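Data first, discussion second: the structure below is written as structure tokens.
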Amino acid sequence: TGRQSISHAQKFYLFDVGVAGHVTRRHIEEASATEFGRALEHYILMELIAFRSYREAEFDIAFWRTKSGLEIDFVLDRGRVAVEVKSRVRPGDLKPMTAFIDEFSPKRAIIVCNERQARIVDGIEILPWRRFLDELWDTGLGLA
């Protein structure tokens with residue numbers, strides 16, 4: 001394909017969302033702010049790690065980023081499930097997931113958000129974060 005993935009890059013998360021917020025002096029005034037999105041992404045990661053541990057599920061958690069800046073927050077089980085986290089989904093937010101789908105054909109492509117309504121747009125599941133977590137813990141998203 002025409003896209004080049006970055007194979008060696010890292011993201012850093014602390015073990016706790018609250019500690020991370022304190023250390024970075026993060027102050028979230030509204031649920032649609034960039035800082036809220038970062039905190040939500042961190043929280044979703046902590047839930048994925050907890051699920052994997054409690055269910056003794058064996059799947060990797062990675063992320064994907066291209067040299068052009070497209071990024072998917074969590075690529076699970078070697079690309080079977082792709083999860084992007086956004087406070088609010090705007091039309092341009094679909095571009096990274098669409099690129100990932102085109103290149104890797106995951107079984108599920110999910111954008112977790114702080115919106116009220118679930119929907120599917122161009123094969124991408126857009127799920128409110130509570131519904132995503134219910135599905136994670138109830139069905140394992142097909143991972144466990």
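How things are named: the first chain in the structure tokens is A, the next is B, and so on; residues count from 1 in each chain; ligands count from 1 in the order shown.
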
From a backbone DSSP assignment, name each residue in segment 19-133 of chain A labelled strand (DSSP E or B), as a PDB file with C-alpha atoms, in the first residue's frame.
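Ended up saving to states-v6.pdb:
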ATOM      1  CA  ILE A  61      -2.677  -4.100  22.809  1.00  0.00           C
ATOM      2  CA  ALA A  62      -0.757  -1.921  20.393  1.00  0.00           C
ATOM      3  CA  PHE A  63      -1.341   1.269  18.452  1.00  0.00           C
ATOM      4  CA  TRP A  64      -0.924   2.232  14.831  1.00  0.00           C
ATOM      5  CA  ARG A  65       0.473   5.426  13.399  1.00  0.00           C
ATOM      6  CA  THR A  66       1.516   6.323   9.881  1.00  0.00           C
ATOM      7  CA  GLU A  71      -3.312   7.053  14.188  1.00  0.00           C
ATOM      8  CA  ILE A  72      -5.457   4.395  15.845  1.00  0.00           C
ATOM      9  CA  ASP A  73      -5.289   4.371  19.637  1.00  0.00           C
ATOM     10  CA  PHE A  74      -5.652   0.635  20.278  1.00  0.00           C
ATOM     11  CA  VAL A  75      -5.050  -2.215  17.877  1.00  0.00           C
ATOM     12  CA  LEU A  76      -6.070  -5.408  19.625  1.00  0.00           C
ATOM     13  CA  VAL A  81     -10.139  -5.167  16.543  1.00  0.00           C
ATOM     14  CA  ALA A  82      -9.269  -1.483  16.103  1.00  0.00           C
ATOM     15  CA  VAL A  83     -10.385   1.040  18.718  1.00  0.00           C
ATOM     16  CA  GLU A  84     -10.116   4.809  18.448  1.00  0.00           C
ATOM     17  CA  VAL A  85     -11.197   7.072  21.324  1.00  0.00           C
ATOM     18  CA  ARG A 108     -14.308  -4.784  14.152  1.00  0.00           C
ATOM     19  CA  ALA A 109     -13.523  -1.080  13.851  1.00  0.00           C
ATOM     20  CA  ILE A 110     -14.829   0.933  16.800  1.00  0.00           C
ATOM     21  CA  ILE A 111     -14.730   4.589  17.755  1.00  0.00           C
ATOM     22  CA  VAL A 112     -15.457   5.000  21.459  1.00  0.00           C
ATOM     23  CA  CYS A 113     -16.862   8.395  22.334  1.00  0.00           C
ATOM     24  CA  ARG A 119     -24.365   4.246  15.101  1.00  0.00           C
ATOM     25  CA  ILE A 120     -22.474   2.740  12.196  1.00  0.00           C
ATOM     26  CA  VAL A 121     -20.827   4.987   9.608  1.00  0.00           C
ATOM     27  CA  ILE A 124     -17.185   1.882  11.631  1.00  0.00           C
ATOM     28  CA  GLU A 125     -19.048   1.285  14.887  1.00  0.00           C
ATOM     29  CA  ILE A 126     -19.407   4.480  16.885  1.00  0.00           C
ATOM     30  CA  LEU A 127     -20.167   3.532  20.471  1.00  0.00           C
ATOM     31  CA  PRO A 128     -20.775   5.612  23.582  1.00  0.00           C
TER      32      PRO A 128
END

So the first atom is atom CA of Lys107 of chain A and the second is atom CA of Gly140 of chain A; what is the distance between them in Å, to one decimal place? 13.3 Å

Excluding Phe104 of chain A and residues on its chain fewer than 4 positions from it, collect all residues at most 10 Å away from it, counting only C-alpha atoms, and give them as a PDB file with N, CA and C atoms, in the first residue's frame.
ATOM      1  N   ARG A  78      -3.496  -8.347  17.313  1.00  0.00           N
ATOM      2  CA  ARG A  78      -2.814  -8.275  16.018  1.00  0.00           C
ATOM      3  C   ARG A  78      -3.706  -7.742  14.895  1.00  0.00           C
ATOM      4  N   GLY A  79      -4.546  -6.776  15.256  1.00  0.00           N
ATOM      5  CA  GLY A  79      -5.353  -6.108  14.244  1.00  0.00           C
ATOM      6  C   GLY A  79      -6.758  -6.628  14.060  1.00  0.00           C
ATOM      7  N   ARG A  80      -7.183  -7.612  14.855  1.00  0.00           N
ATOM      8  CA  ARG A  80      -8.557  -8.109  14.715  1.00  0.00           C
ATOM      9  C   ARG A  80      -9.588  -7.059  15.089  1.00  0.00           C
ATOM     10  N   ALA A  82      -9.890  -2.808  16.031  1.00  0.00           N
ATOM     11  CA  ALA A  82      -9.269  -1.483  16.103  1.00  0.00           C
ATOM     12  C   ALA A  82     -10.190  -0.568  16.900  1.00  0.00           C
ATOM     13  N   ALA A  99      -8.557   4.396   6.862  1.00  0.00           N
ATOM     14  CA  ALA A  99      -7.246   3.991   6.341  1.00  0.00           C
ATOM     15  C   ALA A  99      -6.819   2.657   6.944  1.00  0.00           C
ATOM     16  N   PHE A 100      -7.054   2.473   8.238  1.00  0.00           N
ATOM     17  CA  PHE A 100      -6.693   1.213   8.903  1.00  0.00           C
ATOM     18  C   PHE A 100      -7.516   0.059   8.333  1.00  0.00           C
TER      19      PHE A 100
END

Residue nearest Ile44 of chain A - candidates A:Arg116, A:Arg130, A:Leu143, A:Met97, atoms counted: only C-alpha atoms: A:Arg130

Which value, in Å to one decimal, gives the distance between atom CA of Leu133 of chain A and atom CA of Phe51 of chain A?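 Those two atoms sit 9.7 Å apart.
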
Can you list, as a PyMOL selection string, all residues belonging to segment 58-124 of chain A that DSSP tags as alpha helix (DSSP H)? chain A and resi 95-104

I need the residue nearest Arg55 of chain A from this list: A:Trp137, A:Asp93, A:Trp129, A:Phe36. Use only C-alpha atoms for the distance. A:Trp137

Nearest to Leu45 of chain A by atom-to-atom distance, counting only C-alpha atoms, from A:Thr98, A:Asn114, A:Arg131, A:Leu136: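 Once distances to Leu45 of chain A are computed over only C-alpha atoms, the minimum belongs to A:Leu136.
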
Proximity to Gln117 of chain A - best of A:Arg52, A:Lys95, A:Arg88, A:Arg38, only C-alpha atoms: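 Ranking A:Arg52, A:Lys95, A:Arg88, A:Arg38 by distance to Gln117 of chain A, first place goes to A:Arg88.
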
Could you please determine the separation between atom CA of Ser87 of chain A and atom CA of Ala39 of chain A in Å, to one decimal place?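 One can read the atom CA of Ser87 of chain A to atom CA of Ala39 of chain A distance as 9.4 Å.
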